[in-house]
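Presented below is the structure to which this report refers.
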Amino acid sequence: MKKLIVLLCFASAVLAACNKLSVPEPQDFVSPETYFETEAQLQTALNGVYSVLTRNATYGSNMLGRLVLDGDESYDPYSQDAYTVSDYTVSSNDALISSYWQYFYEGVNRANMILDNIGRVQMDEAKRGVIRGQALFLRAYFYLMLVSRYENIPLILHSAKTGSPADVQVPQSTPREVYEKIIADMTEASTLVEDADVVKMGGKISKSAVWGVLARACLYMAGYPVHDVSKYADARMWAEKVISSGKHELNPSYSQVFINHCQDKYDIKESIWEIEFWGNGSGNYEFSAGYVGRNNGIGNTQDPAVGYSAGMVRATRPLFNLFQTGDTRRDWAIAPFRYSGNPATSSNWTAAQIYDRYCGKWRRIYELILPRSTTRTPTNFPLLRYSDVLLMFAEADNEVNNGPTAAAYNAINQVRRRGYNKPVNTPDALVDLSGLSKSEFLEEIQDERSRELAFECLRKSDLVRWGIFLPKMKFVMNDAATLTGTLAATVQRTFTNASARDVRWPIPAYEMGVNKSLVQNPGF
């Protein structure tokens, strides 16, 4: 099976010329003017852009629980994360949010280096366009990850020539300006990259991936902090392009979607874009394996036959209570059991032990690569699934038409039917929604996104753009107020600490010290 291999050592030397906004001026590196001479070199550099998504500071580890991107769905009980961003005691010196900034800006610079030099390589123009499209999209995606966390950020569109202080004094752009550039670049990228059925793998950007993430970017721009409601129509258009392409459909089995991630099986009809991980962290795969299932899996056993998990993602009771009787997604997303001992045994949680329960989506027992490491896994992580596209279409359609149309109902009901193990294209009166007002339909979308996409690093951004982040966090705080036991203090501290300022993160202090143009976010 083809895999996107992480950045080769030689390319690392090239791309390390400036791997963040605030690096010392490099003294010894390969110049882009001498490196970007062949198509192979260009492809290696592109692999290096993709590899930013696999870094520990991004989806490789920290985003899988430690940055609490799941909002009201979960909390992080990992003791080393106490009094950090993980329980909303974040400061501008927080190492987790600083490394997030650093590595996504490293990705921006890597993409810029390709875009600045791609014209120098003699190659087939169609192939050049495909590489350019991927670089454009990835740069835009990195900016989406940055603007949705920090809001006012520097918009850097060319690679750094040096690391001198003068070259890093870049002022912040407004969220509107950043979103406009994101959407413009993704739109151009959509005309250059290949169709999903040509790409044939989830780890490489396809037209469907670009269209789907464009829908997401437009929904973000339609909500807080920009509030450009005209973008709902654009979000509807981009999501509809994925749907009408005829290349995608829901996998009949919800659990199989995640088993496929564990077993490195592509299903581009459902899992449109995913991050590739490979191996168990040993030998040649030391840096290509990730932490999916290890951070956010079912704890807590050292038995390699089952696979160790640190259990950094635990469910909240309000998430658990969203699921109705017959919804098979609940006990897959929120594991009803735990492991213990070596050899491992499993035991079910009691009805009172909701906050104890682990994320169960990526179950290490399904991994095919043995031995199962205690530190790293080969499991891929989804960035865009077809069910997400359907729900984005339904939400945007509801906004555009001032209420749900038949198309909106059809989209959300497909997702619901699959959740109840029903044929997705057959109407079912016991499962399907109907007869809702615009506001009622939006509330159903908000709940359905959590039921379907829980623990996929999307919930906090959704709550923020809808303007309901703080009420939802305080709802969990009130729900957890009477908890007792070992986890009670962590749960209560996390949701009590969440405040209005936490819709964004602080600009990292180190960057503030180097780039004097930066202005700190309110509350920090």
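Order determines the names: the first chain of the structure tokens is A, the second B, and so forth; residues in each chain are numbered 1 upward, and ligands are numbered 1 upward as they are shown.
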Which polymer residues have any atom within 10 Å of an atom of Gly129 (chain A), counting only C-alpha atoms, with same-chain residues fewer than 5 positions away left out, as a list of chain:residue names?
->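 Contacts, in chain order: A:Ile118, A:Asp124, A:Gln134, A:Ala135, A:Ala189, A:Thr191, A:Leu192, A:Val193, A:Glu194.
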What would the file look like if the residues just selected were written as a PDB file, in the first residue's frame with N, CA, C and O atoms?
```pdb
ATOM      1  N   ILE A 118       8.841  26.702  -7.174  1.00  0.00           N
ATOM      2  CA  ILE A 118       8.298  25.648  -8.023  1.00  0.00           C
ATOM      3  C   ILE A 118       8.481  25.946  -9.506  1.00  0.00           C
ATOM      4  O   ILE A 118       8.645  25.030 -10.329  1.00  0.00           O
ATOM      5  N   ASP A 124       6.693  18.409 -16.238  1.00  0.00           N
ATOM      6  CA  ASP A 124       5.384  18.454 -16.864  1.00  0.00           C
ATOM      7  C   ASP A 124       4.498  19.461 -16.137  1.00  0.00           C
ATOM      8  O   ASP A 124       4.429  19.476 -14.893  1.00  0.00           O
ATOM      9  N   GLN A 134      -1.378  21.185  -3.953  1.00  0.00           N
ATOM     10  CA  GLN A 134      -1.237  20.608  -2.623  1.00  0.00           C
ATOM     11  C   GLN A 134      -0.538  21.570  -1.665  1.00  0.00           C
ATOM     12  O   GLN A 134      -0.931  21.716  -0.500  1.00  0.00           O
ATOM     13  N   ALA A 135       0.525  22.225  -2.148  1.00  0.00           N
ATOM     14  CA  ALA A 135       1.251  23.181  -1.297  1.00  0.00           C
ATOM     15  C   ALA A 135       0.358  24.360  -0.914  1.00  0.00           C
ATOM     16  O   ALA A 135       0.356  24.815   0.233  1.00  0.00           O
ATOM     17  N   ALA A 189      -6.460  25.940  -5.300  1.00  0.00           N
ATOM     18  CA  ALA A 189      -5.963  24.564  -5.166  1.00  0.00           C
ATOM     19  C   ALA A 189      -6.964  23.554  -5.706  1.00  0.00           C
ATOM     20  O   ALA A 189      -6.583  22.524  -6.287  1.00  0.00           O
ATOM     21  N   THR A 191      -8.722  23.646  -8.219  1.00  0.00           N
ATOM     22  CA  THR A 191      -8.651  23.519  -9.678  1.00  0.00           C
ATOM     23  C   THR A 191      -7.395  22.784 -10.131  1.00  0.00           C
ATOM     24  O   THR A 191      -7.276  22.445 -11.316  1.00  0.00           O
ATOM     25  N   LEU A 192      -6.483  22.526  -9.207  1.00  0.00           N
ATOM     26  CA  LEU A 192      -5.181  21.958  -9.568  1.00  0.00           C
ATOM     27  C   LEU A 192      -4.995  20.518  -9.128  1.00  0.00           C
ATOM     28  O   LEU A 192      -4.349  19.733  -9.831  1.00  0.00           O
ATOM     29  N   VAL A 193      -5.542  20.146  -7.975  1.00  0.00           N
ATOM     30  CA  VAL A 193      -5.305  18.798  -7.461  1.00  0.00           C
ATOM     31  C   VAL A 193      -6.207  17.792  -8.176  1.00  0.00           C
ATOM     32  O   VAL A 193      -7.137  18.157  -8.891  1.00  0.00           O
ATOM     33  N   GLU A 194      -5.940  16.522  -7.951  1.00  0.00           N
ATOM     34  CA  GLU A 194      -6.629  15.450  -8.671  1.00  0.00           C
ATOM     35  C   GLU A 194      -7.910  15.021  -7.964  1.00  0.00           C
ATOM     36  O   GLU A 194      -8.097  15.259  -6.768  1.00  0.00           O
TER      37      GLU A 194
END
```
Which residues, written as number ranges by chain, have at least one atom at most 12 Å from Leu391 (chain A), with only C-alpha atoms counted and residues fewer than 2 positions away on the same chain left out?
-> A: 212, 215-216, 219, 235-236, 239-240, 243, 384-389, 393-398, 407-416, 441-442, 444-453
When distances are computed from only C-alpha atoms, which of A:Leu470, A:Ile272, A:Ala352, A:Leu370 shows the smallest separation from Ala209 (chain A)?
->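 Counting only C-alpha atoms, the residue closest to Ala209 (chain A) is A:Ile272.
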List every residue of region 400-440 of chain A that DSSP, applied to the backbone of this structure, assigns to helix (DSSP H, G or I), and report them as a ChimeraX atom specification.
-> /A:400,406-419,438-440
Which neighbours of Tyr339 (chain A) fall inside 10 Å, counting only C-alpha atoms, when residues of the same chain fewer than 3 positions from it are skipped, and could you give them as a ChimeraX atom specification?
-> /A:298-303,306-309,342-348
Export N, CA, C and O atoms of the chosen residues as a PDB file, in the first residue's frame?
```pdb
ATOM      1  N   ILE A 298      -8.379   3.316  24.908  1.00  0.00           N
ATOM      2  CA  ILE A 298      -8.959   2.687  26.091  1.00  0.00           C
ATOM      3  C   ILE A 298      -7.838   2.253  27.031  1.00  0.00           C
ATOM      4  O   ILE A 298      -7.001   1.424  26.673  1.00  0.00           O
ATOM      5  N   GLY A 299      -7.795   2.795  28.231  1.00  0.00           N
ATOM      6  CA  GLY A 299      -6.792   2.413  29.217  1.00  0.00           C
ATOM      7  C   GLY A 299      -7.321   1.278  30.087  1.00  0.00           C
ATOM      8  O   GLY A 299      -8.502   0.972  30.061  1.00  0.00           O
ATOM      9  N   ASN A 300      -6.432   0.654  30.815  1.00  0.00           N
ATOM     10  CA  ASN A 300      -5.066   1.030  31.129  1.00  0.00           C
ATOM     11  C   ASN A 300      -4.332  -0.288  31.391  1.00  0.00           C
ATOM     12  O   ASN A 300      -4.404  -0.813  32.481  1.00  0.00           O
ATOM     13  N   THR A 301      -3.705  -0.828  30.369  1.00  0.00           N
ATOM     14  CA  THR A 301      -2.999  -2.092  30.498  1.00  0.00           C
ATOM     15  C   THR A 301      -1.674  -2.013  29.765  1.00  0.00           C
ATOM     16  O   THR A 301      -1.537  -1.290  28.778  1.00  0.00           O
ATOM     17  N   GLN A 302      -0.692  -2.744  30.240  1.00  0.00           N
ATOM     18  CA  GLN A 302       0.602  -2.840  29.569  1.00  0.00           C
ATOM     19  C   GLN A 302       0.669  -4.055  28.647  1.00  0.00           C
ATOM     20  O   GLN A 302       1.701  -4.321  28.036  1.00  0.00           O
ATOM     21  N   ASP A 303      -0.430  -4.788  28.519  1.00  0.00           N
ATOM     22  CA  ASP A 303      -0.445  -6.013  27.728  1.00  0.00           C
ATOM     23  C   ASP A 303      -0.314  -5.683  26.240  1.00  0.00           C
ATOM     24  O   ASP A 303      -1.205  -5.049  25.654  1.00  0.00           O
ATOM     25  N   VAL A 306      -3.155  -6.268  23.702  1.00  0.00           N
ATOM     26  CA  VAL A 306      -4.259  -5.312  23.641  1.00  0.00           C
ATOM     27  C   VAL A 306      -3.774  -3.951  23.182  1.00  0.00           C
ATOM     28  O   VAL A 306      -4.393  -3.301  22.337  1.00  0.00           O
ATOM     29  N   GLY A 307      -2.633  -3.516  23.722  1.00  0.00           N
ATOM     30  CA  GLY A 307      -2.082  -2.214  23.373  1.00  0.00           C
ATOM     31  C   GLY A 307      -2.335  -1.191  24.458  1.00  0.00           C
ATOM     32  O   GLY A 307      -3.483  -0.963  24.857  1.00  0.00           O
ATOM     33  N   TYR A 308      -1.261  -0.578  24.921  1.00  0.00           N
ATOM     34  CA  TYR A 308      -1.363   0.396  26.005  1.00  0.00           C
ATOM     35  C   TYR A 308      -1.962   1.713  25.519  1.00  0.00           C
ATOM     36  O   TYR A 308      -1.697   2.158  24.402  1.00  0.00           O
ATOM     37  N   SER A 309      -2.745   2.361  26.380  1.00  0.00           N
ATOM     38  CA  SER A 309      -3.202   3.726  26.137  1.00  0.00           C
ATOM     39  C   SER A 309      -3.089   4.521  27.423  1.00  0.00           C
ATOM     40  O   SER A 309      -3.385   4.012  28.512  1.00  0.00           O
ATOM     41  N   ASN A 342      -1.964  -7.358  33.238  1.00  0.00           N
ATOM     42  CA  ASN A 342      -1.132  -7.888  32.161  1.00  0.00           C
ATOM     43  C   ASN A 342      -0.829  -9.358  32.487  1.00  0.00           C
ATOM     44  O   ASN A 342      -0.034  -9.636  33.374  1.00  0.00           O
ATOM     45  N   PRO A 343      -1.510 -10.282  31.814  1.00  0.00           N
ATOM     46  CA  PRO A 343      -2.393 -10.100  30.648  1.00  0.00           C
ATOM     47  C   PRO A 343      -3.673  -9.342  30.993  1.00  0.00           C
ATOM     48  O   PRO A 343      -4.138  -9.370  32.127  1.00  0.00           O
ATOM     49  N   ALA A 344      -4.208  -8.667  29.975  1.00  0.00           N
ATOM     50  CA  ALA A 344      -5.321  -7.757  30.188  1.00  0.00           C
ATOM     51  C   ALA A 344      -6.634  -8.494  30.387  1.00  0.00           C
ATOM     52  O   ALA A 344      -6.892  -9.541  29.782  1.00  0.00           O
ATOM     53  N   THR A 345      -7.443  -7.925  31.258  1.00  0.00           N
ATOM     54  CA  THR A 345      -8.835  -8.320  31.374  1.00  0.00           C
ATOM     55  C   THR A 345      -9.679  -7.061  31.207  1.00  0.00           C
ATOM     56  O   THR A 345      -9.209  -5.948  31.455  1.00  0.00           O
ATOM     57  N   SER A 346     -10.904  -7.224  30.765  1.00  0.00           N
ATOM     58  CA  SER A 346     -11.783  -6.071  30.593  1.00  0.00           C
ATOM     59  C   SER A 346     -12.931  -6.155  31.579  1.00  0.00           C
ATOM     60  O   SER A 346     -13.365  -7.250  31.961  1.00  0.00           O
ATOM     61  N   SER A 347     -13.397  -4.984  31.985  1.00  0.00           N
ATOM     62  CA  SER A 347     -14.547  -4.918  32.882  1.00  0.00           C
ATOM     63  C   SER A 347     -15.382  -3.706  32.511  1.00  0.00           C
ATOM     64  O   SER A 347     -14.856  -2.675  32.090  1.00  0.00           O
ATOM     65  N   ASN A 348     -16.690  -3.844  32.647  1.00  0.00           N
ATOM     66  CA  ASN A 348     -17.594  -2.766  32.263  1.00  0.00           C
ATOM     67  C   ASN A 348     -17.662  -1.698  33.344  1.00  0.00           C
ATOM     68  O   ASN A 348     -17.589  -1.989  34.541  1.00  0.00           O
TER      69      ASN A 348
END
```
